[in-house]
Amino acid sequence: MSGPDDRAGDYGFVVVASRLPVDRVEEADGGTSWRPSPGGLVAALEPVMRKADGVWVGWTGGAGPELGAFEAGGLQLFGVGLSAEQVRGHYEGFCNATLWPLYHDVIAQPVFDRDWWDRYQEVNRRFARAAAGLAAPGATIWVHDYQLQLVPRMIREQRSDVRIGFFNHIPFPCYEIFAQLPWRRQVVGGLLGADLLGFQRRNDAGNFLRASRRAWGALTRGSTVRPERGRQVRPVRAAAFPISVDSAALEQIARQQEVTARAREIRDLLGDPDLVLLGIDRLDYTKGILHRLNAYGELLSEGRLGPRTVLVQVASPSRERVEAYRALRDEVEVTVSRINGEHAELGSPPVHYLHQTYPREEMAALYLAADVMLVTPLRDGMNLVSKEYVASRYDENGTLVLSEFTGAADELGGAFLVNPYDTEGLKGAIVRAATIGRAEARRRMRAMRRRVAEYDVAHWAATFLEALNQAPTGDSASGGAAPG
Ligand code: F6P
């Protein structure tokens, strides 16, 4: 194991995430440049990165050579390169066709492919090597998400002097499901290389603690894991840190004159309906889009929503090379056509389906144009769309139907909570959310807005980094303070 002197870099804070927070822009002269892609995670981490001399290690989203260190929009970045085979095996295969369905309660059947596992290890090693080479002595390294679960231990093996945090953005499944993974021991061992492991919900942290006992043979006490029996004991803490959104920024966007005007225009374009229902999701089988569509179709058949009702369903393209996602797209589009075929009148379809990605301003206008937001995942680590909706509703109007299987359900008590598998229950909640009195709707929205304003993404990042700072590293060489 090497110390801080031979492998250390210059950065006091290193973020390691599958994706870089930038989009590639093709220039008119044939060259390319990078534009920062706005998002909550970057917004929360940018000030920390500036203060602590930070760098973000990530992947551009396509096959290509290592980009190395570069700067975009004032952010210091390091682009890891992946071959086409690694993109197929790591990203499309092991991340999106093995771990994603496994960690989302096997809603789709996970594929266990040994070559994909090899690519997963290879890519994790690449990220770990980059991070270990960039971190200054005693630096803090924050690794993100299921794509990089082996990275904490791989860094630890190269750098005993750094503090390592890991945050899992998606659920961590119960052991009975996790145990299906042929490489469960290696994954738990990879994560246990961190000093602090953050999860969305207490249940996720609890599931991980159990997995560390069963798959790794660790001892646990409360939220602390002792991974190494008999050797120098390095404790690891596993706890919940529910992520959030940049509430103030979202509200500011929604308050822009053009955005409120666009919200009115959207309602006009929809034919000035009495009731606008809205769904905004990545086109993913975890989001419960079909369950929502079917419930809506039945409500229309039963005439329970009134004739002047529309559903706007934005389903942004996602992971289109993965088979399960292609199949889902077909099924969603057939369902939308069926509902429109059965219920449309000329010029006024009851479902407006948009397989597109929109800028933040258009999303804010859609949120403001809605009467009822439908968020019905079958399983979701947090679901930031529900929090974005609440943060954008500065007018305190609008109601939210929210699946109890989302992390957000723990916090948004003003929502109409539903089990999306219970079609009658879901239909009842939609009708209630659409017909509730104005004062009651406002009371509910206000309570949710208070929560989202206080517990925003900056609060999440600060809380995690403070806990990482306080995590006992159990290594005398370690101990640089995490940036605040
Ligand atoms: O929620 C997990 C996550 O990987 C996010 O980090 C990301 O924004 C989203 O899913 C989309 O994932 P992908 O990187 O596959 O487009």
# chains A, B, ... in the order shown; residues from 1 in each chain; ligands from 1

call {"tool": "residues_near_ligand", "arguments": {"ligand": "ligand 1", "cutoff": "8 Å", "atoms": "only C-alpha atoms and all ligand atoms", "output": "PyMOL selection string"}}
result
chain A and resi 18-19+61+91+96+145-147+169-170+282+318-319+381

call {"tool": "select_by_dssp", "arguments": {"residues": "range 92-267 of chain A", "states": "helix (DSSP H, G or I)", "output": "PyMOL selection string"}}
result
chain A and resi 92-103+114-134+146-148+151-158+175-178+184-191+202-216+247-255+257-267

call {"tool": "closest_residue", "arguments": {"among": "A:Ala43, A:Leu99, A:Leu270, A:Ala194", "to": "His459 in chain A", "atoms": "only C-alpha atoms"}}
result
A:Ala43

call {"tool": "atom_distance", "arguments": {"atom1": "CA of Asp456 in chain A", "atom2": "CA of Val16 in chain A"}}
result
21.2 Å

call {"tool": "residues_around", "arguments": {"residues": "range 401-411 of chain A", "least_positions_apart": "5", "cutoff": "7 Å", "atoms": "only C-alpha atoms", "output": "ChimeraX atom specification"}}
result
/A:200-201,373-383,416-420,429-430,433

call {"tool": "write_last_selection", "arguments": {"atoms": "N, CA, C and O atoms", "output": "PDB file, in the first residue's frame"}}
result
ATOM      1  N   GLN A 200     -30.172   6.575   0.509  1.00  0.00           N
ATOM      2  CA  GLN A 200     -31.317   7.490   0.469  1.00  0.00           C
ATOM      3  C   GLN A 200     -32.235   7.319   1.681  1.00  0.00           C
ATOM      4  O   GLN A 200     -32.698   8.285   2.260  1.00  0.00           O
ATOM      5  N   ARG A 201     -32.534   6.076   2.036  1.00  0.00           N
ATOM      6  CA  ARG A 201     -33.499   5.827   3.113  1.00  0.00           C
ATOM      7  C   ARG A 201     -32.849   4.961   4.187  1.00  0.00           C
ATOM      8  O   ARG A 201     -31.906   4.202   3.898  1.00  0.00           O
ATOM      9  N   MET A 373     -49.720  16.420 -10.238  1.00  0.00           N
ATOM     10  CA  MET A 373     -48.494  15.766 -10.713  1.00  0.00           C
ATOM     11  C   MET A 373     -48.564  14.293 -10.314  1.00  0.00           C
ATOM     12  O   MET A 373     -48.870  13.972  -9.157  1.00  0.00           O
ATOM     13  N   LEU A 374     -48.278  13.412 -11.279  1.00  0.00           N
ATOM     14  CA  LEU A 374     -48.345  11.972 -11.004  1.00  0.00           C
ATOM     15  C   LEU A 374     -46.936  11.387 -10.977  1.00  0.00           C
ATOM     16  O   LEU A 374     -46.242  11.372 -11.994  1.00  0.00           O
ATOM     17  N   VAL A 375     -46.524  10.925  -9.817  1.00  0.00           N
ATOM     18  CA  VAL A 375     -45.198  10.327  -9.654  1.00  0.00           C
ATOM     19  C   VAL A 375     -45.434   8.931  -9.069  1.00  0.00           C
ATOM     20  O   VAL A 375     -45.690   8.790  -7.877  1.00  0.00           O
ATOM     21  N   THR A 376     -45.379   7.907  -9.939  1.00  0.00           N
ATOM     22  CA  THR A 376     -45.854   6.590  -9.491  1.00  0.00           C
ATOM     23  C   THR A 376     -44.829   5.462  -9.643  1.00  0.00           C
ATOM     24  O   THR A 376     -45.185   4.364 -10.086  1.00  0.00           O
ATOM     25  N   PRO A 377     -43.553   5.697  -9.284  1.00  0.00           N
ATOM     26  CA  PRO A 377     -42.580   4.611  -9.464  1.00  0.00           C
ATOM     27  C   PRO A 377     -42.900   3.343  -8.667  1.00  0.00           C
ATOM     28  O   PRO A 377     -43.490   3.394  -7.586  1.00  0.00           O
ATOM     29  N   LEU A 378     -42.465   2.225  -9.242  1.00  0.00           N
ATOM     30  CA  LEU A 378     -42.589   0.935  -8.565  1.00  0.00           C
ATOM     31  C   LEU A 378     -41.456   0.818  -7.536  1.00  0.00           C
ATOM     32  O   LEU A 378     -41.573   0.098  -6.543  1.00  0.00           O
ATOM     33  N   ARG A 379     -40.388   1.514  -7.798  1.00  0.00           N
ATOM     34  CA  ARG A 379     -39.276   1.633  -6.856  1.00  0.00           C
ATOM     35  C   ARG A 379     -38.400   2.780  -7.322  1.00  0.00           C
ATOM     36  O   ARG A 379     -38.100   2.874  -8.517  1.00  0.00           O
ATOM     37  N   ASP A 380     -38.022   3.668  -6.411  1.00  0.00           N
ATOM     38  CA  ASP A 380     -37.169   4.799  -6.765  1.00  0.00           C
ATOM     39  C   ASP A 380     -36.373   5.203  -5.534  1.00  0.00           C
ATOM     40  O   ASP A 380     -36.961   5.346  -4.447  1.00  0.00           O
ATOM     41  N   GLY A 381     -35.052   5.361  -5.686  1.00  0.00           N
ATOM     42  CA  GLY A 381     -34.210   5.717  -4.548  1.00  0.00           C
ATOM     43  C   GLY A 381     -34.743   6.948  -3.851  1.00  0.00           C
ATOM     44  O   GLY A 381     -34.991   6.958  -2.638  1.00  0.00           O
ATOM     45  N   MET A 382     -34.936   8.037  -4.612  1.00  0.00           N
ATOM     46  CA  MET A 382     -35.503   9.263  -4.053  1.00  0.00           C
ATOM     47  C   MET A 382     -36.681   9.737  -4.887  1.00  0.00           C
ATOM     48  O   MET A 382     -37.786   9.881  -4.434  1.00  0.00           O
ATOM     49  N   ASN A 383     -36.480  10.026  -6.143  1.00  0.00           N
ATOM     50  CA  ASN A 383     -37.364  10.702  -7.095  1.00  0.00           C
ATOM     51  C   ASN A 383     -37.292  12.215  -6.917  1.00  0.00           C
ATOM     52  O   ASN A 383     -38.030  12.824  -6.119  1.00  0.00           O
ATOM     53  N   PHE A 416     -50.478  12.784  -1.926  1.00  0.00           N
ATOM     54  CA  PHE A 416     -51.425  11.668  -1.836  1.00  0.00           C
ATOM     55  C   PHE A 416     -50.611  10.410  -2.113  1.00  0.00           C
ATOM     56  O   PHE A 416     -50.222  10.168  -3.255  1.00  0.00           O
ATOM     57  N   LEU A 417     -50.318   9.661  -1.061  1.00  0.00           N
ATOM     58  CA  LEU A 417     -49.442   8.504  -1.221  1.00  0.00           C
ATOM     59  C   LEU A 417     -50.211   7.323  -1.790  1.00  0.00           C
ATOM     60  O   LEU A 417     -51.347   7.061  -1.383  1.00  0.00           O
ATOM     61  N   VAL A 418     -49.566   6.636  -2.723  1.00  0.00           N
ATOM     62  CA  VAL A 418     -50.237   5.506  -3.380  1.00  0.00           C
ATOM     63  C   VAL A 418     -49.310   4.307  -3.508  1.00  0.00           C
ATOM     64  O   VAL A 418     -48.085   4.444  -3.566  1.00  0.00           O
ATOM     65  N   ASN A 419     -49.943   3.136  -3.597  1.00  0.00           N
ATOM     66  CA  ASN A 419     -49.267   1.928  -4.031  1.00  0.00           C
ATOM     67  C   ASN A 419     -49.617   1.774  -5.513  1.00  0.00           C
ATOM     68  O   ASN A 419     -50.760   1.470  -5.853  1.00  0.00           O
ATOM     69  N   PRO A 420     -48.655   2.005  -6.415  1.00  0.00           N
ATOM     70  CA  PRO A 420     -48.995   2.028  -7.846  1.00  0.00           C
ATOM     71  C   PRO A 420     -49.492   0.692  -8.393  1.00  0.00           C
ATOM     72  O   PRO A 420     -50.089   0.645  -9.464  1.00  0.00           O
ATOM     73  N   ALA A 429     -56.829   7.978  -5.569  1.00  0.00           N
ATOM     74  CA  ALA A 429     -55.926   9.077  -5.175  1.00  0.00           C
ATOM     75  C   ALA A 429     -55.896  10.161  -6.249  1.00  0.00           C
ATOM     76  O   ALA A 429     -55.873  11.359  -5.938  1.00  0.00           O
ATOM     77  N   ILE A 430     -55.924   9.755  -7.522  1.00  0.00           N
ATOM     78  CA  ILE A 430     -55.919  10.758  -8.603  1.00  0.00           C
ATOM     79  C   ILE A 430     -57.192  11.606  -8.523  1.00  0.00           C
ATOM     80  O   ILE A 430     -57.148  12.837  -8.610  1.00  0.00           O
ATOM     81  N   ALA A 433     -56.926  13.921  -5.496  1.00  0.00           N
ATOM     82  CA  ALA A 433     -55.955  15.000  -5.733  1.00  0.00           C
ATOM     83  C   ALA A 433     -56.516  16.029  -6.712  1.00  0.00           C
ATOM     84  O   ALA A 433     -56.171  17.210  -6.658  1.00  0.00           O
TER      85      ALA A 433
END

call {"tool": "closest_residue", "arguments": {"among": "A:Pro349, A:Gly89, A:Gly198, A:Gly189", "to": "Phe166 in chain A", "atoms": "only C-alpha atoms"}}
result
A:Gly198

call {"tool": "closest_residue", "arguments": {"among": "A:Ala131, A:Leu305, A:Ile107, A:Ala136", "to": "Tyr421 in chain A", "atoms": "only C-alpha atoms"}}
result
A:Ile107

call {"tool": "closest_residue", "arguments": {"among": "A:His355, A:Arg119, A:Arg292, A:Arg114", "to": "Val87 in chain A", "atoms": "only C-alpha atoms"}}
result
A:Arg119

call {"tool": "closest_residue", "arguments": {"among": "A:Pro235, A:Pro38, A:Gly428, A:Gly437", "to": "Thr399 in chain A", "atoms": "only C-alpha atoms"}}
result
A:Gly437
